[in-house]
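Report on the following structure.
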Amino acid sequence: MIASSVLHRLNVYVERVISGDQVACKSVIAACERHRRDVLNQSTSGFPYHFDDVIASVACDFYPLCLKHSIGKDAGLAFVLEDWQIFMIGSLFGWVRDDDNSRRFRRFYLSLGRKNGKSCLGAGIALYCASLDINPETRTPESVAQVILAATKREQIEKVIFAEVSRMRDQSPYLKSRSENTNKQILFSHNQGSIACVGSDKSYDGLNASLVIMDELHAWKHHHTDFYNTMQTGSASRIQPLIGTLTTAGDDKSYIWLDEYRHAKAVSMDDYQDESLLSLIYETDEEDDPLDESIWLKANPNLGVSVQLSYLQE
C-alpha cells in the first residue's frame, strides 16, 4: 500500500511535468522524460537497470516516519515530502543495477533557488545513508557507513546541513536511540555509521565515504580544486558510493560549479549520456521574463511551502 502510494505520486508528478500541467523548466521536463523513457526500457538489452518500487518507497517513507521539520511554521511536524522531492529521492534510490542490485546513480546534482529546502532534503539523505542504506551484498545496513558533508569552510557546513542533521536526529526517537552526537559527529551504534563535516580550511584524511554531499558548489573556487578532487575519489572500496552536489546557481567565475553545471545540464537535456548521474536543475529558461511571477515555480519547486511568494516579490 505504501509502495504503491509513493510510486503513484512519483508517476503523477512525471506525467504532470511532461504534459505541462506542472510548471517546469526545460531541464526538469527533460529529466522527467528520461525517467519515463527509462521505465519503458528497464532491463532490456543495452539498459541494465530497473526501478525497484520497494527501495524507492523505503527511502521516501523514511522522511515522514523518522524525520521532523525543525525550523519555521512546520517545526515539530513530520517531514512529508513534496511531489518534486519524491521524484528526487525515489529516483535516486529506486533505480538499481540488474547485475548486483546496487544503486544505478553514483552521483546526483540538485540545483534550485534559495530557501527551497535543499539543506533539509540533504540532511535526510545523510541520515538515511548513515543509518539505513542497505548494502546489496549483505542485505543489511551499510557497515561503517561514512557520510561526509563538505564545504569550502568546515564552519559553514557545520552551521547549515550538519545543524539540520543534528536537529532532525534529536527529534527522532528511532534515530536518537541508535546514535550519539559527540564532537560534532553523529555516530550510529548498530552499524558503526557516522556523519561528519570537512572543509578545505581544515585537515582531513582517511576518507572512505559511502556518501559525500558537497554544499553550495557555486562558492568553490579554482583553489579548491584539490579539495574537490579528494571528495570525488575517496570511496573506491564501497560497492555503491554516492557523491552529491547541493547548490544554488553560480556565475562564470565559479569554475568548479560551472564545469559540474555544464555536465549536469548536458545529461539532463540528453545531449550527453551518463547513466550514473541523476541531474535535477530547477531554473528559469533563457527566454523567460524574470519579472513574470508565473515562471518563478521553475526555479523554486517549494514555492508556497518553504519559500513564499512575498519573499521572491521583495
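So you can find residues: chains in the C-alpha cells are A, B, ... in the order shown, residues in each start at 1, and ligands are numbered from 1 in order.
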
If DSSP is run on the backbone, what residues of stretch 246-290 of chain A are helix (DSSP H, G or I)? A reply as an mmCIF file with C-alpha atoms, in the first residue's frame would be ideal.
data_model
loop_
_atom_site.group_PDB
_atom_site.id
_atom_site.type_symbol
_atom_site.label_atom_id
_atom_site.label_comp_id
_atom_site.auth_asym_id
_atom_site.auth_seq_id
_atom_site.Cartn_x
_atom_site.Cartn_y
_atom_site.Cartn_z
ATOM 1 C CA TYR A 255 34.833 27.405 -12.224
ATOM 2 C CA ILE A 256 34.155 24.145 -10.391
ATOM 3 C CA TRP A 257 30.432 24.856 -10.275
ATOM 4 C CA LEU A 258 30.418 25.810 -13.962
ATOM 5 C CA ASP A 259 32.055 22.538 -15.010
ATOM 6 C CA GLU A 260 29.616 20.465 -12.967
ATOM 7 C CA TYR A 261 26.636 22.515 -14.095
ATOM 8 C CA ARG A 262 27.504 22.180 -17.775
ATOM 9 C CA HIS A 263 27.914 18.424 -17.468
ATOM 10 C CA ALA A 264 24.738 18.017 -15.426
ATOM 11 C CA LYS A 265 22.770 20.203 -17.837
ATOM 12 C CA ALA A 266 24.033 18.222 -20.836
ATOM 13 C CA VAL A 267 22.976 14.969 -19.150
ATOM 14 C CA SER A 268 19.556 16.273 -18.177
#

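Excluding A:Leu77 and any residue on its chain fewer than 6 positions from it, the residues at most 9 Å away by only C-alpha atoms are Pro64, Leu67, Lys68, His69 and Ser70 of chain A.
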
Near-A:Lys153 list (12 Å; only C-alpha atoms; drop same-chain fewer than 6 positions) as a list in words: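 Result of the neighbour search: Lys159, Val160, Cys197, Val198, Gly199, Ser200, Asp201, Lys202, Ser203, Met214, Asp215, Glu216, Leu217, Ala219, Trp220, His224 and Phe227 of chain A.
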
Can you write just those residues out, all heavy atoms, as a tab-separated table (two decimals), in the first residue's frame?
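The file below, result_31.tsv, is the result:
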chain	number	residue	atom	x	y	z
A	159	LYS	N	27.25	24.70	10.41
A	159	LYS	CA	26.16	25.59	10.80
A	159	LYS	C	24.90	25.41	9.97
A	159	LYS	O	23.83	25.89	10.36
A	159	LYS	CB	26.62	27.05	10.68
A	159	LYS	CG	27.60	27.48	11.77
A	159	LYS	CD	27.91	28.96	11.66
A	159	LYS	CE	28.78	29.43	12.82
A	159	LYS	NZ	29.10	30.87	12.74
A	160	VAL	N	25.02	24.72	8.83
A	160	VAL	CA	23.85	24.59	7.95
A	160	VAL	C	23.36	23.15	7.92
A	160	VAL	O	22.49	22.77	8.70
A	160	VAL	CB	24.17	25.11	6.53
A	160	VAL	CG1	22.93	25.07	5.66
A	160	VAL	CG2	24.70	26.55	6.59
A	197	CYS	N	31.78	16.41	9.20
A	197	CYS	CA	31.97	17.55	8.30
A	197	CYS	C	33.45	17.73	7.97
A	197	CYS	O	34.32	17.50	8.82
A	197	CYS	CB	31.45	18.84	8.94
A	197	CYS	SG	29.72	18.78	9.41
A	198	VAL	N	33.72	18.15	6.74
A	198	VAL	CA	35.08	18.52	6.35
A	198	VAL	C	35.01	19.82	5.56
A	198	VAL	O	34.00	20.13	4.93
A	198	VAL	CB	35.79	17.43	5.51
A	198	VAL	CG1	35.92	16.14	6.27
A	198	VAL	CG2	35.06	17.21	4.18
A	199	GLY	N	36.10	20.57	5.61
A	199	GLY	CA	36.22	21.78	4.82
A	199	GLY	C	37.64	21.91	4.31
A	199	GLY	O	38.57	21.29	4.85
A	200	SER	N	37.81	22.68	3.27
A	200	SER	CA	39.15	22.82	2.70
A	200	SER	C	40.08	23.57	3.65
A	200	SER	O	41.30	23.55	3.48
A	200	SER	CB	39.07	23.58	1.37
A	200	SER	OG	38.62	24.91	1.58
A	201	ASP	N	39.51	24.23	4.67
A	201	ASP	CA	40.31	25.01	5.62
A	201	ASP	C	40.81	24.18	6.79
A	201	ASP	O	41.53	24.68	7.64
A	201	ASP	CB	39.49	26.19	6.15
A	201	ASP	CG	38.18	25.75	6.81
A	201	ASP	OD1	37.66	24.69	6.42
A	201	ASP	OD2	37.70	26.46	7.70
A	202	LYS	N	40.43	22.90	6.87
A	202	LYS	CA	40.87	22.02	7.95
A	202	LYS	C	41.51	20.77	7.35
A	202	LYS	O	41.21	20.37	6.22
A	202	LYS	CB	39.68	21.61	8.83
A	202	LYS	CG	38.90	22.77	9.43
A	202	LYS	CD	39.68	23.48	10.53
A	202	LYS	CE	38.81	24.58	11.16
A	202	LYS	NZ	39.52	25.29	12.23
A	203	SER	N	42.37	20.12	8.13
A	203	SER	CA	43.00	18.89	7.65
A	203	SER	C	41.96	17.78	7.60
A	203	SER	O	41.02	17.73	8.40
A	203	SER	CB	44.14	18.48	8.58
A	203	SER	OG	43.68	18.27	9.89
A	214	MET	N	28.41	17.63	-1.24
A	214	MET	CA	29.13	18.89	-1.40
A	214	MET	C	28.11	20.02	-1.45
A	214	MET	O	27.23	20.02	-2.31
A	214	MET	CB	29.99	18.86	-2.66
A	214	MET	CG	31.05	17.77	-2.64
A	214	MET	SD	32.09	17.74	-4.13
A	214	MET	CE	30.89	17.23	-5.36
A	215	ASP	N	28.24	20.96	-0.53
A	215	ASP	CA	27.25	22.01	-0.37
A	215	ASP	C	27.70	23.31	-1.04
A	215	ASP	O	28.87	23.66	-0.98
A	215	ASP	CB	26.98	22.24	1.12
A	215	ASP	CG	25.79	23.15	1.35
A	215	ASP	OD1	24.79	23.01	0.62
A	215	ASP	OD2	25.86	24.00	2.26
A	216	GLU	N	26.73	24.00	-1.64
A	216	GLU	CA	26.95	25.32	-2.25
A	216	GLU	C	28.18	25.35	-3.14
A	216	GLU	O	29.12	26.11	-2.94
A	216	GLU	CB	27.05	26.41	-1.16
A	216	GLU	CG	25.79	26.53	-0.31
A	216	GLU	CD	24.57	27.05	-1.09
A	216	GLU	OE1	24.63	27.11	-2.34
A	216	GLU	OE2	23.57	27.37	-0.46
A	217	LEU	N	28.13	24.52	-4.18
A	217	LEU	CA	29.28	24.39	-5.07
A	217	LEU	C	29.61	25.71	-5.77
A	217	LEU	O	30.76	25.91	-6.20
A	217	LEU	CB	29.01	23.30	-6.11
A	217	LEU	CG	30.23	22.75	-6.85
A	217	LEU	CD1	31.13	21.98	-5.90
A	217	LEU	CD2	29.82	21.85	-8.01
A	219	ALA	N	30.22	28.37	-4.52
A	219	ALA	CA	31.23	29.09	-3.73
A	219	ALA	C	32.61	28.47	-3.82
A	219	ALA	O	33.58	29.01	-3.27
A	219	ALA	CB	30.79	29.16	-2.27
A	220	TRP	N	32.72	27.32	-4.51
A	220	TRP	CA	34.01	26.64	-4.62
A	220	TRP	C	34.80	27.28	-5.77
A	220	TRP	O	34.36	27.25	-6.93
A	220	TRP	CB	33.80	25.14	-4.89
A	220	TRP	CG	33.13	24.40	-3.77
A	220	TRP	CD1	32.04	24.81	-3.05
A	220	TRP	CD2	33.47	23.10	-3.27
A	220	TRP	NE1	31.70	23.85	-2.13
A	220	TRP	CE2	32.55	22.80	-2.25
A	220	TRP	CE3	34.46	22.18	-3.60
A	220	TRP	CZ2	32.59	21.60	-1.55
A	220	TRP	CZ3	34.50	20.98	-2.91
A	220	TRP	CH2	33.57	20.70	-1.88
A	224	HIS	N	40.12	25.56	-4.78
A	224	HIS	CA	39.53	24.42	-4.06
A	224	HIS	C	39.57	23.14	-4.89
A	224	HIS	O	39.00	22.12	-4.48
A	224	HIS	CB	38.07	24.73	-3.70
A	224	HIS	CG	37.90	25.87	-2.75
A	224	HIS	ND1	37.16	27.00	-3.05
A	224	HIS	CD2	38.39	26.07	-1.50
A	224	HIS	CE1	37.18	27.83	-2.03
A	224	HIS	NE2	37.92	27.30	-1.08
A	227	PHE	N	40.84	19.94	-3.14
A	227	PHE	CA	39.85	19.51	-2.16
A	227	PHE	C	38.67	18.83	-2.86
A	227	PHE	O	38.21	17.76	-2.45
A	227	PHE	CB	39.38	20.72	-1.37
A	227	PHE	CG	38.29	20.43	-0.37
A	227	PHE	CD1	38.48	19.55	0.69
A	227	PHE	CD2	37.05	21.06	-0.49
A	227	PHE	CE1	37.47	19.30	1.61
A	227	PHE	CE2	36.04	20.82	0.43
A	227	PHE	CZ	36.25	19.94	1.47

Of the listed residues A:Gln85, A:Ser279, A:Ser102, A:Ser294, that which approaches A:His50 most closely, counting only C-alpha atoms: A:Ser102

Distance query A:Asp83 at most 7 Å, only C-alpha atoms, self and fewer than 3 positions along chain excluded, as a PyMOL selection string: chain A and resi 9-10+13+86-87

Selection near A:Trp95, 12 Å with only C-alpha atoms, sequence-local residues under 4 positions removed, as an NGL selection string: :A and (35 or 38-39 or 42-43 or 47-57 or 59 or 87-91 or 101-106 or 275-278)

Long-range neighbours of A:Lys176 as a list in words, 12 Å cut-off, only C-alpha atoms, 2 positions minimum in chain: Cys66, Leu67, Leu127, Ser131, Val165, Ser166, Arg167, Met168, Arg169, Asp170, Gln171, Ser172, Pro173, Tyr174, Arg178, Ser179, Glu180, Asn181, Ile186, Leu187, Phe188, Ser189 and His190 of chain A

Interatomic distance (Å, one decimal) between atom CA of A:Ser210 and atom CA of A:Gln192: 12.5 Å

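Restricting the calculation to only C-alpha atoms, the smallest distance between A:Met269 and any of A:Ala78, A:Leu246, A:Ile29, A:Leu121 is found for A:Ile29.
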
Per-residue DSSP, stretch 8-167 of chain A, filtered to strand (DSSP E or B), as an MDAnalysis selection string: chainID A and resid 44 47 49:51 68 78 95:97 103 107:111 134:135 140:141 146:151

Residue neighbourhood A:Ala209, 9 Å, only C-alpha atoms, exclusion window fewer than 6 positions, as a VMD selection string: chain A and resid 145 to 148 231 234 to 238 241 to 243

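Proximity of A:Gln22, A:Ser310, A:Asp100, A:Gln156 to A:Arg139, computed with only C-alpha atoms, is greatest for A:Asp100.
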
So that each row is one residue of stretch 16-110 of chain A with an atom at most 8 Å from stretch 282-287 of chain A, can you give its shortest atom pair and the distance in Å to one decimal, using only C-alpha atoms, rows by chain and rising number, as CSV?
residue,atom,partner,partner_atom,distance
A:Ala24,CA,A:Tyr282,CA,7.7
A:Cys25,CA,A:Thr284,CA,6.0
A:Lys26,CA,A:Asp285,CA,6.9
A:Ser27,CA,A:Tyr282,CA,7.3
A:Val28,CA,A:Tyr282,CA,6.5
A:Leu110,CA,A:Tyr282,CA,7.9

Would you mind exporting the chosen residues as a PDB file, in the first residue's frame, restricted to C-alpha atoms?
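Result written to part_5.pdb:
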ATOM      1  CA  ALA A  24       8.700  23.313 -15.011  1.00  0.00           C
ATOM      2  CA  CYS A  25      11.826  24.377 -16.865  1.00  0.00           C
ATOM      3  CA  LYS A  26      13.199  22.566 -19.886  1.00  0.00           C
ATOM      4  CA  SER A  27      15.816  20.750 -17.816  1.00  0.00           C
ATOM      5  CA  VAL A  28      13.264  19.277 -15.388  1.00  0.00           C
ATOM      6  CA  LEU A 110      20.460  19.180  -7.394  1.00  0.00           C
TER       7      LEU A 110
END

Pick from A:Lys184, A:Arg16, A:Lys118, A:Arg107, whichever lies nearest to A:Ile161 using only C-alpha atoms: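 Comparing A:Lys184, A:Arg16, A:Lys118, A:Arg107 against A:Ile161, the winner is A:Lys118.
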
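Distances from A:Leu211, A:Val307, A:Leu297, A:Leu312 to A:Asn116 were compared using only C-alpha atoms, and the smallest one belongs to A:Val307.
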
Between atom CA of A:Thr140 and atom CA of A:Ile213, distance in Å (one decimal):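 Separation between atom CA of A:Thr140 and atom CA of A:Ile213: 22.6 Å.
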
Counting only C-alpha atoms, the option among A:Asp274, A:Thr233, A:Leu280, A:Gly72 closest to A:Lys115: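 So, comparing all the options, the nearest one is A:Gly72.
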